[in-house]
file input16.cif (mmCIF, C-alpha atoms and all ligand atoms)
data_start
#
loop_
_atom_site.label_atom_id
_atom_site.label_comp_id
_atom_site.auth_asym_id
_atom_site.auth_seq_id
_atom_site.Cartn_x
_atom_site.Cartn_y
_atom_site.Cartn_z
CA MET K 1 121.11 84.18 103.22
CA SER K 2 121.08 85.72 106.67
CA GLN K 3 124.70 86.92 106.71
CA ALA K 4 124.30 88.42 103.23
CA LEU K 5 121.71 91.03 104.23
CA THR K 6 122.81 94.57 105.03
CA LEU K 7 120.31 97.30 105.75
CA TYR K 8 121.42 100.89 105.24
CA GLY K 9 119.25 103.14 107.33
CA CYS K 10 118.95 106.21 109.49
CA PRO K 11 116.90 106.66 112.68
CA ASN K 12 113.55 108.43 112.29
CA THR K 13 113.20 107.69 108.59
CA ARG K 14 111.43 105.17 106.37
CA SER K 15 114.24 102.68 107.04
CA LEU K 16 112.36 101.70 110.20
CA ARG K 17 109.87 99.90 107.92
CA ALA K 18 112.62 97.66 106.56
CA ALA K 19 114.23 97.01 109.96
CA TRP K 20 110.81 96.16 111.39
CA ALA K 21 110.07 93.72 108.56
CA LEU K 22 113.47 92.04 108.97
CA GLU K 23 112.81 91.64 112.68
CA GLU K 24 109.34 90.20 112.00
CA ALA K 25 111.01 87.70 109.63
CA GLY K 26 113.61 86.74 112.21
CA ALA K 27 116.28 87.56 109.61
CA GLU K 28 119.88 88.13 110.55
CA TYR K 29 121.19 91.32 109.03
CA ALA K 30 123.93 93.86 109.40
CA TYR K 31 122.76 97.40 110.03
CA HIS K 32 124.78 100.20 108.54
CA PRO K 33 123.78 103.71 109.65
CA ILE K 34 123.80 106.46 107.06
CA ASP K 35 123.77 109.88 108.70
CA LEU K 36 121.49 111.74 106.32
CA PHE K 37 121.78 114.86 108.44
CA ARG K 38 125.51 114.99 107.71
CA GLY K 39 124.99 114.36 104.01
CA GLU K 40 126.29 110.78 104.00
CA GLY K 41 123.52 109.71 101.66
CA ARG K 42 124.86 112.03 98.98
CA LYS K 43 128.49 110.85 99.14
CA PRO K 44 130.03 108.55 96.51
CA PRO K 45 130.37 105.37 98.62
CA PHE K 46 126.64 105.23 99.29
CA LEU K 47 125.65 106.65 95.88
CA SER K 48 127.48 103.77 94.21
CA LEU K 49 125.04 101.43 95.97
CA ASN K 50 121.96 103.63 95.61
CA PRO K 51 122.13 106.41 93.01
CA GLY K 52 119.01 107.90 94.59
CA GLY K 53 120.96 108.52 97.81
CA LYS K 54 118.01 107.45 99.93
CA VAL K 55 117.34 105.01 102.74
CA PRO K 56 116.22 102.33 103.22
CA LEU K 57 118.55 100.32 101.02
CA LEU K 58 118.75 96.57 101.55
CA VAL K 59 121.73 94.77 100.06
CA THR K 60 120.53 91.26 99.25
CA PRO K 61 121.93 88.24 97.40
CA ASP K 62 119.76 89.46 94.50
CA GLY K 63 121.46 92.86 94.54
CA PRO K 64 120.87 96.20 96.26
CA LEU K 65 117.18 97.00 96.68
CA SER K 66 115.70 100.44 97.31
CA GLU K 67 112.08 101.56 97.90
CA SER K 68 110.63 100.55 101.24
CA GLY K 69 107.56 98.93 99.65
CA ALA K 70 109.67 96.74 97.38
CA ILE K 71 111.99 95.83 100.26
CA LEU K 72 109.04 94.69 102.38
CA MET K 73 107.69 92.61 99.49
CA TRP K 74 111.12 91.04 98.98
CA ILE K 75 111.36 90.16 102.67
CA GLY K 76 107.81 88.79 102.61
CA GLU K 77 108.63 86.56 99.64
CA ARG K 78 111.99 85.33 100.94
CA PHE K 79 110.67 84.72 104.46
CA PRO K 80 107.17 83.32 103.84
CA ALA K 81 106.80 82.16 107.45
CA SER K 82 106.84 85.82 108.48
CA GLY K 83 103.36 86.23 106.96
CA LEU K 84 104.34 89.74 105.82
CA LEU K 85 103.09 88.82 102.36
CA PRO K 86 100.40 86.25 103.12
CA THR K 87 100.30 83.17 100.92
CA ALA K 88 96.49 82.71 101.05
CA PRO K 89 95.03 84.58 98.02
CA GLY K 90 92.46 86.69 99.90
CA PRO K 91 94.74 88.09 102.61
CA ARG K 92 97.56 88.45 100.05
CA ALA K 93 95.41 90.62 97.80
CA LEU K 94 94.34 92.76 100.75
CA ALA K 95 97.94 93.07 101.99
CA LEU K 96 98.97 94.35 98.56
CA GLN K 97 95.98 96.65 98.24
CA TRP K 98 96.50 98.29 101.64
CA SER K 99 100.27 98.48 101.15
CA MET K 100 99.76 100.44 97.94
CA PHE K 101 97.15 102.57 99.68
CA ALA K 102 99.59 103.37 102.50
CA LEU K 103 102.33 104.30 100.06
CA THR K 104 100.30 106.31 97.58
CA GLU K 105 97.39 107.77 99.57
CA LEU K 106 98.46 107.94 103.21
CA GLU K 107 102.15 108.72 102.79
CA GLN K 108 101.90 111.05 99.80
CA PRO K 109 100.36 114.04 101.66
CA LEU K 110 102.73 113.51 104.61
CA TRP K 111 105.68 113.63 102.25
CA THR K 112 104.26 116.71 100.52
CA ILE K 113 104.08 118.48 103.90
CA ALA K 114 107.62 117.38 104.84
CA LYS K 115 109.01 118.50 101.50
CA HIS K 116 107.44 121.93 101.74
CA ARG K 117 108.34 122.36 105.43
CA PHE K 118 112.03 121.45 105.17
CA ALA K 119 113.12 118.84 102.61
CA LEU K 120 113.01 120.92 99.41
CA PRO K 121 115.44 123.75 98.72
CA PRO K 122 113.81 126.89 100.21
CA GLU K 123 113.17 128.44 96.78
CA HIS K 124 110.97 125.45 95.82
CA ARG K 125 108.84 125.39 98.97
CA VAL K 126 105.20 126.52 98.85
CA ALA K 127 103.96 127.17 102.39
CA GLY K 128 100.33 127.45 101.27
CA ILE K 129 100.20 123.82 100.17
CA GLU K 130 100.07 122.43 103.71
CA PRO K 131 96.31 122.79 104.44
CA THR K 132 95.45 120.94 101.21
CA ALA K 133 97.88 118.11 101.97
CA ALA K 134 96.65 117.89 105.57
CA TRP K 135 93.08 117.56 104.24
CA GLU K 136 94.17 114.82 101.83
CA PHE K 137 95.82 112.96 104.71
CA GLN K 138 92.66 113.18 106.81
CA ARG K 139 90.60 111.84 103.92
CA ALA K 140 92.92 108.85 103.47
CA ALA K 141 93.01 108.27 107.24
CA SER K 142 89.20 108.12 107.28
CA LEU K 143 89.28 105.24 104.78
CA LEU K 144 91.87 103.46 106.91
CA ALA K 145 89.74 103.99 110.02
CA GLY K 146 86.73 102.57 108.17
CA ARG K 147 88.64 99.39 107.33
CA LEU K 148 89.95 99.04 110.89
CA ALA K 149 86.52 99.58 112.46
CA SER K 150 85.77 95.90 111.89
CA GLU K 151 89.29 94.40 111.67
CA GLU K 152 92.34 94.39 113.92
CA THR K 153 94.68 94.45 110.91
CA LEU K 154 94.39 95.61 107.32
CA ALA K 155 94.56 92.19 105.65
CA GLY K 156 92.67 90.32 108.37
CA ILE K 157 96.05 89.08 109.65
CA PHE K 158 99.21 91.04 110.41
CA SER K 159 101.06 91.85 107.18
CA MET K 160 103.44 94.31 105.54
CA ALA K 161 100.48 96.65 105.07
CA ASP K 162 100.30 97.17 108.84
CA ILE K 163 103.98 98.11 108.98
CA LEU K 164 103.51 100.71 106.26
CA ALA K 165 100.28 102.14 107.65
CA ALA K 166 101.46 102.21 111.28
CA HIS K 167 104.69 103.87 110.20
CA CYS K 168 102.73 106.57 108.35
CA LEU K 169 100.55 107.15 111.42
CA ALA K 170 103.65 107.47 113.62
CA TRP K 171 105.12 109.90 111.07
CA ALA K 172 101.93 111.99 111.18
CA ALA K 173 101.99 112.09 114.98
CA SER K 174 105.61 113.21 115.14
CA ALA K 175 104.92 115.88 112.50
CA ARG K 176 101.77 116.94 114.38
CA ILE K 177 99.47 116.31 111.43
CA PRO K 178 96.05 115.34 112.85
CA HIS K 179 93.71 112.72 111.40
CA GLY K 180 90.82 112.91 113.87
CA HIS K 181 90.46 109.17 114.52
CA PRO K 182 91.46 108.07 118.05
CA ALA K 183 91.02 104.43 116.97
CA LEU K 184 93.92 104.89 114.55
CA ASP K 185 96.16 106.00 117.41
CA ALA K 186 95.24 102.80 119.27
CA TYR K 187 95.99 100.73 116.13
CA ARG K 188 99.35 102.49 115.63
CA ASP K 189 100.32 101.92 119.27
CA ARG K 190 99.26 98.25 119.08
CA MET K 191 101.36 97.68 115.99
CA LEU K 192 104.37 99.54 117.38
CA ALA K 193 104.15 97.49 120.59
CA ARG K 194 104.98 94.33 118.64
CA PRO K 195 108.33 92.92 119.78
CA ALA K 196 109.73 93.17 116.24
CA ALA K 197 108.89 96.87 116.06
CA ARG K 198 110.56 97.52 119.44
CA GLN K 199 113.63 95.58 118.34
CA ALA K 200 113.83 97.53 115.08
CA ILE K 201 113.59 100.86 116.88
CA ALA K 202 116.34 99.77 119.27
CA ARG K 203 118.52 98.56 116.40
CA GLU K 204 118.19 101.84 114.54
CA GLY K 205 118.82 103.78 117.70
CA ARG K 206 122.38 102.50 117.82
CA LEU K 207 124.33 104.95 115.74
CA GLU K 208 127.85 103.60 116.13
CA ARG K 209 129.47 102.84 112.79
CA THR K 210 130.65 99.34 112.01
CA SER K 211 132.35 99.87 108.63
CA ALA K 212 132.49 102.23 105.67
CA PRO K 213 129.69 101.80 103.09
N1 LIG P 301 110.02 106.09 98.16
C1 LIG P 301 111.18 105.87 98.96
C2 LIG P 301 111.49 107.14 99.73
C3 LIG P 301 112.80 107.04 100.50
C4 LIG P 301 113.19 108.37 101.11
O1 LIG P 301 112.79 109.47 100.65
N2 LIG P 301 113.98 108.30 102.18
C5 LIG P 301 114.43 109.49 102.83
C6 LIG P 301 114.44 109.26 104.35
S1 LIG P 301 112.81 108.88 104.95
C7 LIG P 301 115.86 109.80 102.40
O2 LIG P 301 116.67 108.93 102.36
N3 LIG P 301 116.14 111.08 102.12
C8 LIG P 301 117.47 111.51 101.82
C9 LIG P 301 117.54 112.31 100.56
O3 LIG P 301 116.53 112.46 99.86
O4 LIG P 301 118.63 112.79 100.29
C10 LIG P 301 110.94 104.69 99.92
O5 LIG P 301 109.78 104.46 100.29
O6 LIG P 301 111.90 103.99 100.29
#
call {"tool": "encode", "arguments": {"input": "input16.cif", "output": "structure tokens", "more": "lines below"}}
Ligand SMILES: N[C@@H](CCC(=O)N[C@@H](CS)C(=O)NCC(=O)O)C(=O)O
result
Amino acid sequence: MSQALTLYGCPNTRSLRAAWALEEAGAEYAYHPIDLFRGEGRKPPFLSLNPGGKVPLLVTPDGPLSESGAILMWIGERFPASGLLPTAPGPRALALQWSMFALTELEQPLWTIAKHRFALPPEHRVAGIEPTAAWEFQRAASLLAGRLASEETLAGIFSMADILAAHCLAWAASARIPHGHPALDAYRDRMLARPAARQAIAREGRLERTSAP
């Protein structure tokens, strides 16, 4: 399977989640950069693979897969030794719960802020929405901090939930959106110090093109 995996990604985007998970799994994969800032995501070669025009996209033997959460679940299932999707029922349930929390509660206000700062066409942006979204993010972060007050990781062992949550916390830091919990900064830094995270960041940092999409 290893040679059949190709990750389409772009530095400083959600594709880091997928690269990080692949590195945790010890998977071999080709990395194909899509320069979103030059509109490559909206050009026909990439749109034929992902009509949504977004990264990450993982081309797998089961077909092209979009949505970072689904990609991490796929990697966790295909590489069970990675522990990304734990096999024991208790940790597995918690990994799924906190993954969904990261995607729907923690990320949602960050994405709202990003959309209304720069991602939406100017005529659809509402500047006044930011304080509400920032408050929602702080409320979600408080729940995360509560969970991590007694645990090193969200599922009791490292899992895909930690990739998603740590990525959201890194996103918040780079966008200067505060959460008010220094312990979450320590958690984020601990997760990002994992060798697989460092390798993924280095892999995405290389922007030279290898082939056309
Ligand atoms: N829900 C999707 C969101 C993916 C997404 O919005 N990716 C951004 C980069 S972080 C993108 O590709 N944007 C390009 C565009 O919308 O044209 C996921 O989690 O994978």
call {"tool": "closest_residue", "arguments": {"input": "input16.cif", "among": "K:Pro121, K:Pro178, K:Gly26, K:Pro195", "to": "ligand LIG 301 (chain P)", "atoms": "only C-alpha atoms and all ligand atoms"}}
result
K:Pro121
call {"tool": "closest_atom_pairs", "arguments": {"input": "input16.cif", "of": "chain K", "to": "ligand LIG 301 (chain P)", "cutoff": "8 Å", "atoms": "all atoms listed in the file", "output": "CSV"}}
result
residue,atom,partner,partner_atom,distance
K:Cys10,CA,P:LIG301,C6,7.5
K:Asn12,CA,P:LIG301,S1,7.4
K:Thr13,CA,P:LIG301,S1,3.8
K:Arg14,CA,P:LIG301,S1,4.2
K:Ser15,CA,P:LIG301,S1,6.7
K:Leu36,CA,P:LIG301,C8,6.0
K:Gly39,CA,P:LIG301,O4,7.5
K:Gly41,CA,P:LIG301,O4,5.9
K:Arg42,CA,P:LIG301,O4,6.4
K:Gly52,CA,P:LIG301,O3,7.4
K:Gly53,CA,P:LIG301,O4,5.5
K:Lys54,CA,P:LIG301,O2,3.1
K:Val55,CA,P:LIG301,O2,4.0
K:Pro56,CA,P:LIG301,O6,5.5
K:Leu57,CA,P:LIG301,O6,7.6
K:Ser66,CA,P:LIG301,O6,6.0
K:Glu67,CA,P:LIG301,O6,3.4
K:Ser68,CA,P:LIG301,O6,3.8
K:Gly69,CA,P:LIG301,O5,6.0
K:Leu103,CA,P:LIG301,O5,7.5
K:Ala119,CA,P:LIG301,O3,7.7
call {"tool": "write_last_selection", "arguments": {"input": "input16.cif", "atoms": "C-alpha atoms", "output": "compact mmCIF listing (two decimals), keeping the file's coordinate frame"}}
result
# COMPACT_ATOMS: atom_id res chain seq x y z
CA CYS K 10 118.95 106.21 109.49
CA ASN K 12 113.55 108.43 112.29
CA THR K 13 113.20 107.69 108.59
CA ARG K 14 111.43 105.17 106.37
CA SER K 15 114.24 102.68 107.04
CA LEU K 36 121.49 111.74 106.32
CA GLY K 39 124.99 114.36 104.01
CA GLY K 41 123.52 109.71 101.66
CA ARG K 42 124.86 112.03 98.98
CA GLY K 52 119.01 107.90 94.59
CA GLY K 53 120.96 108.52 97.81
CA LYS K 54 118.01 107.45 99.93
CA VAL K 55 117.34 105.01 102.74
CA PRO K 56 116.22 102.33 103.22
CA LEU K 57 118.55 100.32 101.02
CA SER K 66 115.70 100.44 97.31
CA GLU K 67 112.08 101.56 97.90
CA SER K 68 110.63 100.55 101.24
CA GLY K 69 107.56 98.93 99.65
CA LEU K 103 102.33 104.30 100.06
CA ALA K 119 113.12 118.84 102.61
call {"tool": "atom_distance", "arguments": {"input": "input16.cif", "atom1": "CA of Ile34 in chain K", "atom2": "CA of Leu110 in chain K"}}
result
22.4 Å
call {"tool": "atom_distance", "arguments": {"input": "input16.cif", "atom1": "CA of Phe158 in chain K", "atom2": "CA of Trp135 in chain K"}}
result
27.9 Å
call {"tool": "closest_residue", "arguments": {"input": "input16.cif", "among": "K:Ala95, K:Leu148, K:Ala133, K:Met160", "to": "Leu72 in chain K", "atoms": "all atoms listed in the file"}}
result
K:Met160
call {"tool": "closest_residue", "arguments": {"input": "input16.cif", "among": "K:Thr6, K:Gln199, K:Thr153, K:Thr60", "to": "Tyr187 in chain K", "atoms": "only C-alpha atoms"}}
result
K:Thr153
call {"tool": "atom_distance", "arguments": {"input": "input16.cif", "atom1": "CA of Ala21 in chain K", "atom2": "CA of Glu204 in chain K"}}
result
12.9 Å
call {"tool": "residues_around", "arguments": {"input": "input16.cif", "residues": "Lys43 in chain K", "least_positions_apart": "5", "cutoff": "10 Å", "atoms": "all atoms listed in the file", "output": "number ranges by chain"}}
result
K: 38, 48, 51, 53, 213
call {"tool": "residues_around", "arguments": {"input": "input16.cif", "residues": "Ile177 in chain K", "least_positions_apart": "5", "cutoff": "9 Å", "atoms": "only C-alpha atoms", "output": "PDB file with C-alpha atoms, in the frame of the given file"}}
result
ATOM      1  CA  LEU K 110     102.730 113.510 104.610  1.00  0.00           C
ATOM      2  CA  ALA K 134      96.650 117.890 105.570  1.00  0.00           C
ATOM      3  CA  PHE K 137      95.820 112.960 104.710  1.00  0.00           C
ATOM      4  CA  GLN K 138      92.660 113.180 106.810  1.00  0.00           C
ATOM      5  CA  TRP K 171     105.120 109.900 111.070  1.00  0.00           C
ATOM      6  CA  ALA K 172     101.930 111.990 111.180  1.00  0.00           C
TER       7      ALA K 172
END
call {"tool": "closest_residue", "arguments": {"input": "input16.cif", "among": "K:Ala19, K:Ala165, K:Ala155, K:Ala25", "to": "Leu94 in chain K", "atoms": "only C-alpha atoms"}}
result
K:Ala155
call {"tool": "residues_near_point", "arguments": {"input": "input16.cif", "point": "(94.2, 107.7, 104.9)", "cutoff": "9 Å", "atoms": "all atoms listed in the file", "output": "list in words"}}
result
Phe101, Ala102, Glu105, Leu106, Glu107, Glu136, Phe137, Gln138, Arg139, Ala140, Ala141, Ser142, Leu143, Leu144, Ala145, Ala165 and His179 of chain K
call {"tool": "closest_residue", "arguments": {"input": "input16.cif", "among": "K:Ala18, K:Glu24, K:Glu123, K:Thr112", "to": "Met191 in chain K", "atoms": "all atoms listed in the file"}}
result
K:Glu24
call {"tool": "closest_residue", "arguments": {"input": "input16.cif", "among": "K:Gln97, K:Ser159, K:Ser150, K:Asn50", "to": "Pro80 in chain K", "atoms": "only C-alpha atoms"}}
result
K:Ser159
call {"tool": "residues_around", "arguments": {"input": "input16.cif", "residues": "His116 in chain K", "least_positions_apart": "4", "cutoff": "8 Å", "atoms": "only C-alpha atoms", "output": "PyMOL selection string"}}
result
chain K and resi 112+120+124-127+129-130
call {"tool": "residues_around", "arguments": {"input": "input16.cif", "residues": "Asp185 in chain K", "least_positions_apart": "4", "cutoff": "9 Å", "atoms": "only C-alpha atoms", "output": "ChimeraX atom specification"}}
result
/K:166,169-170,173,181,189-190
call {"tool": "write_last_selection", "arguments": {"input": "input16.cif", "atoms": "C-alpha atoms", "output": "PDB file, in the frame of the given file"}}
result
ATOM      1  CA  ALA K 166     101.460 102.210 111.280  1.00  0.00           C
ATOM      2  CA  LEU K 169     100.550 107.150 111.420  1.00  0.00           C
ATOM      3  CA  ALA K 170     103.650 107.470 113.620  1.00  0.00           C
ATOM      4  CA  ALA K 173     101.990 112.090 114.980  1.00  0.00           C
ATOM      5  CA  HIS K 181      90.460 109.170 114.520  1.00  0.00           C
ATOM      6  CA  ASP K 189     100.320 101.920 119.270  1.00  0.00           C
ATOM      7  CA  ARG K 190      99.260  98.250 119.080  1.00  0.00           C
TER       8      ARG K 190
END
